[in-house]
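Text of the file coords-v6.txt, holding compact mmCIF, C-alpha atoms and all ligand atoms:
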# COMPACT_ATOMS: atom_id res chain seq x y z
CA MET I 1 13.40 -23.56 3.83
CA SER I 2 12.63 -23.66 0.14
CA ARG I 3 13.04 -20.41 -1.75
CA LYS I 4 10.20 -21.36 -4.06
CA SER I 5 6.55 -20.60 -3.48
CA TRP I 6 3.42 -22.41 -4.64
CA VAL I 7 2.41 -18.99 -5.98
CA GLU I 8 4.10 -19.69 -9.32
CA SER I 9 4.44 -16.04 -10.40
CA ALA I 10 6.71 -15.43 -7.39
CA ASN I 11 9.30 -17.85 -8.80
CA VAL I 12 9.80 -16.06 -12.10
CA ALA I 13 13.33 -14.67 -12.34
CA GLY I 14 13.38 -10.89 -12.11
CA CYS I 15 10.07 -10.70 -10.27
CA ASP I 16 9.80 -7.82 -7.77
CA PHE I 17 8.06 -9.90 -5.13
CA PRO I 18 9.59 -13.35 -4.63
CA LEU I 19 9.08 -15.36 -1.43
CA ALA I 20 12.20 -13.74 0.04
CA HIS I 21 10.60 -10.28 -0.10
CA LEU I 22 7.01 -10.10 1.24
CA PRO I 23 6.48 -6.31 1.43
CA TRP I 24 3.45 -5.01 3.35
CA GLY I 25 0.54 -3.03 1.99
CA ARG I 26 -3.03 -1.95 2.72
CA PHE I 27 -5.71 -2.59 0.15
CA GLU I 28 -9.39 -2.74 -0.68
CA ARG I 29 -10.41 -5.87 -2.59
CA ALA I 30 -12.72 -5.67 -5.61
CA ASP I 31 -14.70 -8.58 -4.13
CA MET I 32 -14.91 -7.04 -0.63
CA PRO I 33 -15.54 -3.30 -1.17
CA GLY I 34 -15.64 -0.96 1.79
CA ALA I 35 -12.96 -2.60 3.95
CA TRP I 36 -9.23 -2.06 4.24
CA HIS I 37 -7.15 -5.20 4.54
CA LEU I 38 -3.47 -5.73 5.34
CA GLY I 39 -1.23 -8.16 3.57
CA VAL I 40 1.96 -8.81 1.67
CA ALA I 41 2.77 -8.98 -2.03
CA ILE I 42 3.85 -12.34 -3.46
CA GLY I 43 4.37 -12.54 -7.23
CA ASP I 44 1.31 -11.10 -8.95
CA ARG I 45 -0.80 -11.89 -5.85
CA ALA I 46 -1.23 -10.58 -2.32
CA LEU I 47 -1.56 -12.71 0.78
CA ASP I 48 -4.53 -11.19 2.62
CA MET I 49 -3.50 -11.42 6.28
CA THR I 50 -6.66 -9.67 7.48
CA ALA I 51 -8.83 -12.29 5.75
CA LEU I 52 -6.72 -15.06 7.28
CA ALA I 53 -7.01 -13.52 10.75
CA ASP I 54 -10.77 -13.01 10.33
CA ALA I 55 -11.13 -16.67 9.35
CA GLY I 56 -9.15 -17.81 12.38
CA LEU I 57 -6.35 -19.20 10.21
CA CYS I 58 -3.44 -17.41 11.97
CA LYS I 59 -3.39 -19.52 15.12
CA GLY I 60 0.38 -19.85 14.88
CA LEU I 61 0.78 -16.13 15.52
CA ASP I 62 0.57 -14.35 18.88
CA GLU I 63 -2.80 -12.90 19.80
CA GLY I 64 -1.39 -9.36 19.67
CA VAL I 65 -0.30 -9.93 16.09
CA ARG I 66 -3.64 -11.45 15.11
CA ASN I 67 -5.49 -8.45 16.55
CA ALA I 68 -3.16 -6.00 14.81
CA LEU I 69 -3.77 -7.70 11.46
CA ARG I 70 -7.49 -7.04 11.83
CA GLN I 71 -7.00 -3.26 12.09
CA PRO I 72 -7.69 -1.10 9.03
CA ALA I 73 -4.11 0.30 8.97
CA LEU I 74 -0.64 -1.10 9.61
CA ASN I 75 0.08 1.15 12.65
CA ALA I 76 -0.90 -1.39 15.33
CA PHE I 77 1.31 -4.03 13.74
CA LEU I 78 4.15 -1.50 13.44
CA SER I 79 3.87 -0.68 17.15
CA LEU I 80 4.48 -4.32 18.12
CA GLY I 81 8.15 -4.14 17.19
CA ARG I 82 10.76 -6.35 15.69
CA PRO I 83 10.08 -9.73 17.36
CA ALA I 84 6.44 -9.64 16.18
CA TRP I 85 7.42 -8.48 12.68
CA SER I 86 9.96 -11.26 12.43
CA GLN I 87 7.63 -13.96 13.75
CA THR I 88 4.95 -12.94 11.25
CA ARG I 89 7.39 -12.85 8.36
CA ALA I 90 8.71 -16.35 9.12
CA TRP I 91 5.12 -17.64 9.46
CA MET I 92 4.11 -16.17 6.10
CA GLN I 93 7.22 -17.48 4.35
CA ARG I 94 6.47 -20.96 5.62
CA LEU I 95 2.80 -20.72 4.63
CA LEU I 96 3.70 -19.66 1.10
CA SER I 97 6.62 -22.02 0.49
CA ASP I 98 6.05 -24.69 -2.13
CA ALA I 99 6.20 -27.70 0.22
CA GLU I 100 3.65 -26.31 2.73
CA PRO I 101 0.13 -27.64 2.03
CA ALA I 102 -1.86 -25.78 4.75
CA LEU I 103 -3.07 -22.99 2.46
CA ARG I 104 -1.85 -24.35 -0.88
CA ASP I 105 -4.26 -27.27 -0.79
CA ARG I 106 -7.34 -25.46 0.51
CA SER I 107 -10.18 -25.34 -1.99
CA ASP I 108 -10.99 -21.77 -0.89
CA ARG I 109 -7.41 -20.47 -1.05
CA ASP I 110 -8.39 -17.70 -3.51
CA ARG I 111 -10.18 -16.03 -0.59
CA PHE I 112 -6.76 -15.44 0.97
CA VAL I 113 -4.40 -15.13 -2.00
CA VAL I 114 -5.81 -12.50 -4.32
CA ARG I 115 -4.71 -11.04 -7.63
CA ARG I 116 -2.95 -7.73 -7.09
CA ASP I 117 -4.67 -6.21 -10.12
CA GLN I 118 -7.93 -6.63 -8.17
CA LEU I 119 -6.72 -4.37 -5.34
CA ARG I 120 -7.03 -0.66 -4.70
CA MET I 121 -4.00 0.33 -2.68
CA ALA I 122 -3.77 2.93 0.09
CA LEU I 123 -0.79 4.04 2.16
CA ALA I 124 0.03 1.10 4.41
CA SER I 125 -0.05 3.15 7.61
CA ASP I 126 -1.98 6.19 8.78
CA VAL I 127 0.92 8.63 8.69
CA GLY I 128 0.69 10.99 11.66
CA ASP I 129 3.81 12.92 10.71
CA TYR I 130 5.99 13.05 7.65
CA THR I 131 9.49 14.53 7.61
CA ASP I 132 11.67 15.01 4.57
CA PHE I 133 15.47 15.07 4.82
CA TYR I 134 18.23 16.31 2.53
CA ALA I 135 20.66 13.45 3.04
CA SER I 136 22.50 13.24 -0.31
CA ILE I 137 25.74 15.22 -0.36
CA HIS I 138 25.64 15.19 -4.16
CA HIS I 139 22.14 16.67 -4.24
CA ALA I 140 22.92 19.25 -1.56
CA THR I 141 26.15 20.25 -3.30
CA ASN I 142 24.55 20.47 -6.74
CA VAL I 143 21.58 22.52 -5.58
CA GLY I 144 23.78 24.65 -3.32
CA SER I 145 26.19 25.41 -6.15
CA MET I 146 23.34 26.69 -8.35
CA PHE I 147 22.29 29.21 -5.74
CA ARG I 148 25.58 29.82 -3.85
CA PRO I 149 28.45 28.98 -6.25
CA ASP I 150 31.13 30.01 -3.73
CA ASN I 151 29.64 28.16 -0.79
CA PRO I 152 27.50 25.22 -1.95
CA LEU I 153 27.50 23.23 1.28
CA LEU I 154 26.53 25.19 4.38
CA PRO I 155 28.68 24.69 7.54
CA ASN I 156 26.06 22.58 9.36
CA TRP I 157 25.49 20.09 6.54
CA ARG I 158 28.15 17.48 7.40
CA HIS I 159 27.25 17.63 11.10
CA LEU I 160 23.51 17.00 11.09
CA PRO I 161 20.93 15.51 8.73
CA VAL I 162 19.04 18.61 7.51
CA GLY I 163 15.29 18.16 7.15
CA TYR I 164 11.93 19.89 7.25
CA HIS I 165 8.57 18.86 8.63
CA GLY I 166 6.39 17.86 5.68
CA ARG I 167 2.66 17.54 5.32
CA ALA I 168 1.17 14.12 6.08
CA SER I 169 -2.30 15.20 4.86
CA THR I 170 -1.17 15.38 1.25
CA LEU I 171 0.67 12.06 1.01
CA VAL I 172 -0.95 10.04 -1.79
CA PRO I 173 -0.51 6.43 -2.91
CA SER I 174 1.33 5.60 -6.11
CA GLY I 175 -0.88 5.99 -9.17
CA THR I 176 -2.66 9.10 -7.89
CA ALA I 177 -2.56 11.97 -10.40
CA VAL I 178 -0.86 15.16 -9.23
CA ARG I 179 -2.44 18.53 -9.93
CA ARG I 180 -0.02 21.29 -10.96
CA PRO I 181 -0.23 23.71 -8.04
CA PHE I 182 -0.67 27.47 -7.95
CA GLY I 183 1.86 29.47 -6.01
CA GLN I 184 3.54 32.77 -5.38
CA THR I 185 6.62 33.34 -7.50
CA SER I 186 8.93 36.20 -8.31
CA ALA I 187 11.11 36.78 -11.36
CA THR I 188 13.74 38.44 -9.17
CA ASP I 189 14.99 37.84 -5.64
CA ASN I 190 13.36 41.10 -4.56
CA GLY I 191 9.88 40.83 -6.06
CA PRO I 192 7.32 41.94 -6.95
CA PRO I 193 5.65 38.53 -6.81
CA ALA I 194 2.81 37.09 -8.87
CA PHE I 195 0.31 34.32 -8.10
CA GLY I 196 -0.41 31.65 -10.70
CA PRO I 197 0.23 28.09 -11.86
CA CYS I 198 3.68 26.69 -11.07
CA ARG I 199 5.88 26.79 -14.17
CA LEU I 200 8.86 24.80 -12.89
CA LEU I 201 7.29 21.57 -11.64
CA ASP I 202 9.77 18.85 -10.62
CA TYR I 203 9.93 15.43 -9.04
CA GLU I 204 12.34 14.23 -6.33
CA LEU I 205 13.43 10.58 -6.29
CA GLU I 206 13.51 9.54 -2.64
CA VAL I 207 13.38 6.55 -0.34
CA GLY I 208 11.11 6.61 2.70
CA VAL I 209 11.38 4.68 5.93
CA VAL I 210 8.26 3.74 7.90
CA LEU I 211 8.72 3.79 11.66
CA GLY I 212 7.83 1.14 14.19
CA PRO I 213 7.80 1.68 17.97
CA GLY I 214 8.11 5.33 18.93
CA ASN I 215 9.41 7.21 21.94
CA THR I 216 7.70 9.21 24.65
CA GLN I 217 7.92 12.96 24.25
CA GLY I 218 10.98 14.19 26.12
CA GLU I 219 12.88 10.92 25.62
CA ARG I 220 15.75 10.78 23.13
CA ILE I 221 16.41 7.78 20.90
CA ASP I 222 19.81 6.14 21.35
CA ILE I 223 21.19 5.42 17.89
CA ALA I 224 22.06 1.88 18.96
CA THR I 225 18.30 1.19 19.25
CA ALA I 226 17.37 2.89 15.98
CA ARG I 227 17.37 -0.36 13.98
CA GLU I 228 14.61 -1.74 16.24
CA ARG I 229 12.43 1.23 15.34
CA LEU I 230 12.87 1.17 11.55
CA PHE I 231 10.24 -1.09 10.01
CA GLY I 232 10.73 -0.83 6.28
CA ILE I 233 11.37 1.23 3.19
CA CYS I 234 9.35 2.48 0.23
CA LEU I 235 9.68 4.75 -2.79
CA VAL I 236 8.73 8.42 -2.37
CA ASN I 237 8.29 11.20 -4.93
CA ASP I 238 8.47 14.61 -3.29
CA TRP I 239 6.86 16.69 -6.08
CA SER I 240 8.33 20.18 -5.96
CA ALA I 241 7.36 23.58 -7.36
CA ARG I 242 10.83 25.02 -7.98
CA ASP I 243 9.74 28.56 -8.89
CA VAL I 244 7.60 28.76 -5.76
CA GLN I 245 10.39 27.23 -3.65
CA LYS I 246 12.98 29.75 -4.86
CA TRP I 247 10.93 32.74 -3.70
CA GLU I 248 9.43 31.35 -0.48
CA TYR I 249 12.19 29.21 1.08
CA VAL I 250 14.11 32.02 2.77
CA PRO I 251 14.59 31.86 5.75
CA LEU I 252 12.61 28.84 7.00
CA GLY I 253 12.90 26.34 4.15
CA PRO I 254 10.34 24.55 1.97
CA PHE I 255 6.65 25.30 2.56
CA THR I 256 3.93 25.45 -0.11
CA ALA I 257 6.41 24.38 -2.83
CA LYS I 258 6.25 20.90 -1.27
CA ASN I 259 2.86 20.61 0.41
CA PHE I 260 0.52 19.93 -2.53
CA SER I 261 1.34 16.25 -3.12
CA THR I 262 3.89 13.63 -2.14
CA SER I 263 3.57 10.18 -3.74
CA VAL I 264 4.39 7.07 -1.75
CA GLY I 265 5.02 3.55 -3.08
CA SER I 266 2.34 1.06 -2.11
CA TRP I 267 4.53 -1.75 -0.74
CA ILE I 268 6.75 -1.42 2.34
CA THR I 269 9.83 -3.62 2.19
CA PRO I 270 10.79 -4.75 5.70
CA ILE I 271 14.38 -3.99 6.73
CA GLU I 272 14.54 -7.70 7.60
CA ALA I 273 14.04 -8.54 3.90
CA LEU I 274 17.02 -6.30 3.11
CA GLU I 275 19.40 -8.25 5.34
CA PRO I 276 21.28 -10.00 2.50
CA TRP I 277 22.10 -6.53 1.12
CA LEU I 278 22.90 -4.61 4.29
CA GLU I 279 26.48 -3.39 4.37
CA PRO I 280 28.43 -1.11 6.73
CA GLY I 281 27.96 2.54 5.94
CA PRO I 282 27.31 5.16 4.89
CA VAL I 283 30.89 5.37 3.66
CA ARG I 284 32.45 8.79 4.16
CA ASP I 285 35.35 10.41 2.36
CA ALA I 286 38.54 11.42 4.16
CA ALA I 287 37.44 15.06 4.33
CA ALA I 288 34.29 14.22 6.29
CA PRO I 289 34.39 15.44 9.90
CA GLU I 290 33.71 12.91 12.59
CA ASN I 291 30.12 13.23 13.74
CA LEU I 292 29.13 13.96 17.30
CA PRO I 293 28.85 10.84 19.46
CA TYR I 294 25.03 10.74 19.45
CA LEU I 295 25.10 10.23 15.65
CA ARG I 296 27.76 7.52 15.64
CA TRP I 297 26.85 3.83 15.51
CA LYS I 298 29.34 1.07 14.81
CA ASP I 299 26.63 -1.15 13.27
CA ASP I 300 25.12 1.49 10.99
CA PHE I 301 24.18 0.25 7.56
CA THR I 302 23.42 1.17 4.00
CA PHE I 303 22.43 -0.85 0.91
CA ASP I 304 22.96 -0.71 -2.83
CA LEU I 305 19.32 -0.08 -3.75
CA LYS I 306 19.25 0.82 -7.43
CA LEU I 307 16.90 3.71 -8.11
CA GLN I 308 15.50 4.74 -11.45
CA VAL I 309 13.35 7.59 -12.76
CA LEU I 310 11.38 7.24 -15.99
CA ILE I 311 9.21 9.79 -17.80
CA ARG I 312 6.40 9.11 -20.23
CA SER I 313 4.68 12.09 -21.83
CA ALA I 314 1.04 12.13 -22.98
CA LEU I 315 2.31 12.02 -26.56
CA MET I 316 4.48 8.99 -25.80
CA ARG I 317 1.46 7.19 -24.33
CA GLU I 318 -0.61 8.14 -27.39
CA ARG I 319 2.07 6.72 -29.70
CA GLY I 320 2.61 3.61 -27.59
CA LEU I 321 6.21 4.57 -26.76
CA PRO I 322 7.65 3.13 -23.54
CA ALA I 323 8.69 5.37 -20.66
CA MET I 324 12.23 6.73 -20.95
CA GLN I 325 14.83 6.40 -18.21
CA VAL I 326 16.06 9.82 -17.17
CA SER I 327 18.20 8.79 -14.21
CA LEU I 328 19.71 5.77 -12.49
CA GLY I 329 21.41 5.94 -9.11
CA SER I 330 21.95 4.06 -5.87
CA TYR I 331 20.85 4.62 -2.32
CA ARG I 332 24.41 3.72 -1.30
CA ASP I 333 25.53 7.22 -2.30
CA MET I 334 23.60 8.82 0.60
CA TYR I 335 25.64 10.62 3.27
CA TRP I 336 23.25 10.18 6.21
CA SER I 337 21.67 6.89 7.29
CA PHE I 338 18.07 6.34 8.34
CA ALA I 339 19.32 5.56 11.86
CA GLN I 340 21.03 8.96 11.99
CA MET I 341 17.94 10.72 10.61
CA LEU I 342 15.69 9.13 13.22
CA THR I 343 18.12 9.72 16.09
CA HIS I 344 18.67 13.35 15.17
CA HIS I 345 14.92 13.91 14.68
CA ALA I 346 14.23 12.69 18.22
CA SER I 347 17.36 14.24 19.76
CA THR I 348 15.31 17.01 21.36
CA GLY I 349 12.79 14.56 22.74
CA CYS I 350 10.46 14.95 19.75
CA ALA I 351 7.88 12.13 19.91
CA MET I 352 8.03 9.71 16.98
CA ARG I 353 5.05 7.43 16.43
CA PRO I 354 4.45 4.09 14.69
CA GLY I 355 3.59 4.68 11.06
CA ASP I 356 5.43 8.00 10.79
CA LEU I 357 7.27 8.45 7.52
CA LEU I 358 10.79 9.81 7.12
CA ALA I 359 11.99 10.42 3.58
CA SER I 360 15.63 10.60 2.58
CA GLY I 361 15.62 13.65 0.36
CA THR I 362 16.55 13.49 -3.31
CA VAL I 363 18.86 10.57 -4.00
CA SER I 364 21.62 11.84 -6.29
CA GLY I 365 24.97 10.28 -7.02
CA PRO I 366 28.25 11.68 -8.34
CA THR I 367 27.43 11.39 -12.08
CA PRO I 368 24.94 13.41 -14.17
CA GLU I 369 22.98 10.19 -14.91
CA SER I 370 22.42 9.62 -11.20
CA ARG I 371 20.84 12.99 -10.40
CA GLY I 372 17.43 12.40 -8.86
CA CYS I 373 15.44 15.51 -9.88
CA LEU I 374 15.09 17.63 -13.03
CA LEU I 375 16.54 20.72 -11.32
CA GLU I 376 19.86 18.88 -11.21
CA ARG I 377 19.39 16.61 -14.21
CA THR I 378 18.83 19.56 -16.59
CA TRP I 379 20.96 21.90 -14.45
CA ARG I 380 18.14 24.44 -13.91
CA GLY I 381 16.93 23.88 -17.45
CA SER I 382 20.24 24.69 -19.16
CA GLU I 383 20.69 21.07 -20.35
CA PRO I 384 17.21 19.94 -21.46
CA ILE I 385 16.35 16.27 -21.92
CA THR I 386 14.96 15.11 -25.27
CA LEU I 387 12.14 12.58 -25.01
CA PRO I 388 11.45 9.91 -27.67
CA ASP I 389 8.44 11.94 -28.87
CA GLY I 390 10.89 14.66 -29.97
CA THR I 391 9.91 17.18 -27.29
CA GLN I 392 12.31 18.60 -24.71
CA ARG I 393 12.02 18.84 -20.97
CA LYS I 394 13.56 21.35 -18.61
CA PHE I 395 10.81 20.72 -16.06
CA LEU I 396 7.60 18.66 -16.13
CA GLU I 397 4.77 19.35 -18.57
CA ASP I 398 1.09 18.57 -18.06
CA GLY I 399 0.38 14.96 -19.00
CA ASP I 400 3.87 13.73 -18.07
CA GLU I 401 3.94 10.54 -16.05
CA VAL I 402 6.85 10.14 -13.63
CA ILE I 403 7.67 6.57 -12.63
CA LEU I 404 10.13 5.70 -9.85
CA ARG I 405 11.51 2.20 -9.50
CA GLY I 406 13.89 0.63 -7.00
CA TRP I 407 15.45 -2.80 -6.76
CA LEU I 408 18.25 -4.86 -5.25
CA ASP I 409 20.15 -7.10 -7.64
CA ALA I 410 20.50 -10.80 -6.79
CA ARG I 411 23.31 -11.33 -4.29
CA GLY I 412 24.61 -14.77 -3.29
CA ASP I 413 21.59 -16.93 -2.48
CA ALA I 414 19.27 -13.96 -2.37
CA PRO I 415 17.16 -13.38 -5.51
CA ARG I 416 16.57 -9.90 -6.88
CA ILE I 417 13.79 -8.01 -5.13
CA GLY I 418 12.03 -4.85 -6.32
CA LEU I 419 10.10 -2.11 -4.56
CA GLY I 420 7.54 -1.94 -7.36
CA GLU I 421 6.71 1.48 -8.76
CA CYS I 422 5.78 4.89 -7.47
CA SER I 423 4.06 6.79 -10.26
CA GLY I 424 1.90 9.81 -10.94
CA VAL I 425 0.64 11.79 -13.95
CA VAL I 426 0.75 15.61 -13.92
CA LEU I 427 -2.67 17.21 -14.39
CA PRO I 428 -3.04 20.83 -15.55
CA ALA I 429 -3.57 23.58 -13.00
CA ILE I 430 -7.18 24.62 -12.46
MN MN Q 501 12.50 16.27 -0.94
For this file, produce the structure as structure tokens.
Ligand code: MN
Amino acid sequence: MSRKSWVESANVAGCDFPLAHLPWGRFERADMPGAWHLGVAIGDRALDMTALADAGLCKGLDEGVRNALRQPALNAFLSLGRPAWSQTRAWMQRLLSDAEPALRDRSDRDRFVVRRDQLRMALASDVGDYTDFYASIHHATNVGSMFRPDNPLLPNWRHLPVGYHGRASTLVPSGTAVRRPFGQTSATDNGPPAFGPCRLLDYELEVGVVLGPGNTQGERIDIATARERLFGICLVNDWSARDVQKWEYVPLGPFTAKNFSTSVGSWITPIEALEPWLEPGPVRDAAAPENLPYLRWKDDFTFDLKLQVLIRSALMRERGLPAMQVSLGSYRDMYWSFAQMLTHHASTGCAMRPGDLLASGTVSGPTPESRGCLLERTWRGSEPITLPDGTQRKFLEDGDEVILRGWLDARGDAPRIGLGECSGVVLPAI
């Protein structure tokens, strides 16, 4: 099959969304207000699969798929599983390839291939549950060493993927502004506390995985079947109130420091689109203990997804200065895989459902440049960052825009693909 599309913008080198990618999203069209549609990004356009299904133009797809594409969220499609995902992906790639006239030559093709700047995006799935992990050994060691210099990594850490149950109700799509939260903080470990606007607001650069078919409550997930249940990945920013977190996290972990807003990238990259980049992993050092059998999988995988954080202050926007890169890392540096996170999550028989979101935890690598949050990047504020507007940052200020990007560099025949952006501007507390 040709790698080129008749959507010309998809053939531009360096484009996030070439024909080989086709990430899924949910959107409202400017010309069809009041309805959520499902589709995939291609160049600067989106292929509107709901409009195609409504018009009876998806006859090559199974009836179950056609029905799922007419739902207002991606969950039904996610529940169909890998054969349906794969069939749909192949069908769309054929439809969009440059030699295929079926849609290309229709006079009304703009009804089905719409400009992405005419779309209002929502989260692709209705997320029933959201769980955030802590899967980077570099992040866990850095943060641990700030608070427990003698014992940065707790004894359980290399044996299970640590996580906490997050708040699905406050997930927001990329581009949504984030209000600085109020919270309870204390200047000392022993109080007395005060209540007021968070002073140490931070971002966390993370990658999320959207789940496909779930399990019945009481049933564990065998790690060998985990791949069949992982639909795709997206960018996640787990905004964090560090001063609130420090006081409240003992003994049960993050709570209100994390529940005010979590930003999610708008386009979900199918694991199938990552295949040219999948490699055995995660790679462990010699000191790593062997994991218990339920967390071992000979076919487990990782990928060298480059991940970048940029900041643009209000002053930088006013002066027309571009956003500044504050970190650059790779997903390959993570210690725990998504398969291990899912398997451990369900190891008690916890029911996982299509559309659930698991996030990786802050992606940090071994170098200072690859630290994925300001807590680490500025080492609790002791090494501030200087922005191009001349101001310094220990933590985020009102008006700061945080932009996450992720991409996979071209490899062999596979062109570069990008996850797009996950962004948000900090609004003052009210
Ligand atoms: Mn997090």
Which residues of chain I come within 10 Å of ligand MN 501 (chain Q), and for each one, what is the closest pair of atoms and their distance in Å to one decimal, counting all atoms listed in the file, sorted by chain and residue number, as a tab-separated table?
residue	atom	partner	partner_atom	distance
I:Thr131	CA	Q:MN501	MN	9.2
I:Asp132	CA	Q:MN501	MN	5.7
I:Phe133	CA	Q:MN501	MN	6.6
I:Tyr134	CA	Q:MN501	MN	6.7
I:Ala135	CA	Q:MN501	MN	9.5
I:Gly163	CA	Q:MN501	MN	8.8
I:Tyr164	CA	Q:MN501	MN	9.0
I:Gly166	CA	Q:MN501	MN	9.1
I:Tyr203	CA	Q:MN501	MN	8.5
I:Glu204	CA	Q:MN501	MN	5.8
I:Leu205	CA	Q:MN501	MN	7.9
I:Glu206	CA	Q:MN501	MN	7.0
I:Val207	CA	Q:MN501	MN	9.8
I:Val236	CA	Q:MN501	MN	8.8
I:Asn237	CA	Q:MN501	MN	7.7
I:Asp238	CA	Q:MN501	MN	5.0
I:Trp239	CA	Q:MN501	MN	7.6
I:Ser240	CA	Q:MN501	MN	7.6
I:Pro254	CA	Q:MN501	MN	9.0
I:Lys258	CA	Q:MN501	MN	7.8
I:Thr262	CA	Q:MN501	MN	9.1
I:Ala359	CA	Q:MN501	MN	7.4
I:Ser360	CA	Q:MN501	MN	7.4
I:Gly361	CA	Q:MN501	MN	4.3
I:Thr362	CA	Q:MN501	MN	5.5
I:Val363	CA	Q:MN501	MN	9.1
I:Cys373	CA	Q:MN501	MN	9.4
Selected residues written out with C-alpha atoms, as an mmCIF file, in the frame of the given file:
data_model
loop_
_atom_site.group_PDB
_atom_site.id
_atom_site.type_symbol
_atom_site.label_atom_id
_atom_site.label_comp_id
_atom_site.auth_asym_id
_atom_site.auth_seq_id
_atom_site.Cartn_x
_atom_site.Cartn_y
_atom_site.Cartn_z
ATOM 1 C CA THR I 131 9.490 14.530 7.610
ATOM 2 C CA ASP I 132 11.670 15.010 4.570
ATOM 3 C CA PHE I 133 15.470 15.070 4.820
ATOM 4 C CA TYR I 134 18.230 16.310 2.530
ATOM 5 C CA ALA I 135 20.660 13.450 3.040
ATOM 6 C CA GLY I 163 15.290 18.160 7.150
ATOM 7 C CA TYR I 164 11.930 19.890 7.250
ATOM 8 C CA GLY I 166 6.390 17.860 5.680
ATOM 9 C CA TYR I 203 9.930 15.430 -9.040
ATOM 10 C CA GLU I 204 12.340 14.230 -6.330
ATOM 11 C CA LEU I 205 13.430 10.580 -6.290
ATOM 12 C CA GLU I 206 13.510 9.540 -2.640
ATOM 13 C CA VAL I 207 13.380 6.550 -0.340
ATOM 14 C CA VAL I 236 8.730 8.420 -2.370
ATOM 15 C CA ASN I 237 8.290 11.200 -4.930
ATOM 16 C CA ASP I 238 8.470 14.610 -3.290
ATOM 17 C CA TRP I 239 6.860 16.690 -6.080
ATOM 18 C CA SER I 240 8.330 20.180 -5.960
ATOM 19 C CA PRO I 254 10.340 24.550 1.970
ATOM 20 C CA LYS I 258 6.250 20.900 -1.270
ATOM 21 C CA THR I 262 3.890 13.630 -2.140
ATOM 22 C CA ALA I 359 11.990 10.420 3.580
ATOM 23 C CA SER I 360 15.630 10.600 2.580
ATOM 24 C CA GLY I 361 15.620 13.650 0.360
ATOM 25 C CA THR I 362 16.550 13.490 -3.310
ATOM 26 C CA VAL I 363 18.860 10.570 -4.000
ATOM 27 C CA CYS I 373 15.440 15.510 -9.880
#
Might you pull out every residue within 6 Å of segment 184-188 of chain I, with only C-alpha atoms counted and same-chain residues fewer than 6 positions away left off, and present them as a list of chain:residue names? I:Ala194, I:Phe195, I:Asp243, I:Val244, I:Trp247
Nearest to Ser125 of chain I, chosen from I:His159, I:Arg353, I:Lys246, I:His21, with all atoms listed in the file counted in the distances: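 Closest to Ser125 of chain I of all the choices is I:Arg353.
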Spatial neighbours of Gly420 of chain I, max dist 7 Å, all atoms listed in the file, sep filter under 3 positions, as a PyMOL selection string: chain I and resi 16+405-406
Those selected residues, please, written with C-alpha atoms and delivered as a PDB file, in the coordinates of the input.
ATOM      1  CA  ASP I  16       9.800  -7.820  -7.770  1.00  0.00           C
ATOM      2  CA  ARG I 405      11.510   2.200  -9.500  1.00  0.00           C
ATOM      3  CA  GLY I 406      13.890   0.630  -7.000  1.00  0.00           C
TER       4      GLY I 406
END
Quick one: residues within 12 Å of Gln217 of chain I, all atoms listed in the file counted, chain neighbours fewer than 6 positions away excluded, as a list in words? His345, Ala346, Ser347, Thr348, Gly349, Cys350, Ala351, Met352 and Arg353 of chain I
Pairwise distance for atom CA of Gly34 of chain I and atom CA of Arg120 of chain I, rounded to one decimal in Å: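 We find that atom CA of Gly34 of chain I and atom CA of Arg120 of chain I lie 10.8 Å from each other.
Residue nearest Phe147 of chain I, chosen from I:Ile430, I:Asp117, I:Thr176, I:Trp379 and counting all atoms listed in the file: I:Trp379.
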With 8 Å as the cut-off and all atoms listed in the file counted, what is the closest atom pair between each nearby residue of segment 2-107 of chain I and segment 270-275 of chain I? Distances in Å to one decimal, ordered by chain and number, as a Markdown table.
| residue | atom | partner | partner_atom | distance |
| --- | --- | --- | --- | --- |
| I:Ala20 | CA | I:Ala273 | CA | 6.7 |
| I:His21 | CA | I:Ala273 | CA | 5.6 |
| I:Leu22 | CA | I:Ala273 | CA | 7.7 |
| I:Pro23 | CA | I:Pro270 | CA | 6.3 |
| I:Trp24 | CA | I:Pro270 | CA | 7.7 |
| I:Ser86 | CA | I:Glu272 | CA | 7.5 |
Please list as a list in words every residue within 9 Å of Phe260 of chain I, counting only C-alpha atoms and excluding residues in the same chain fewer than 3 positions away.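 Selected residues are Arg167, Thr170, Leu171, Val178, Arg179, Arg180, Pro181, Trp239, Ser240, Thr256 and Ala257 of chain I.
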Padding of 6 Å on every side, edges along x, y and z, all listed atoms of segment 112-118 of chain I included: what centre and edge lengths in Å, to one decimal, does that box have, as lines of an AutoDock Vina configuration file?
center_x = -5.4
center_y = -10.8
center_z = -4.6
size_x = 17.0
size_y = 21.2
size_z = 23.1
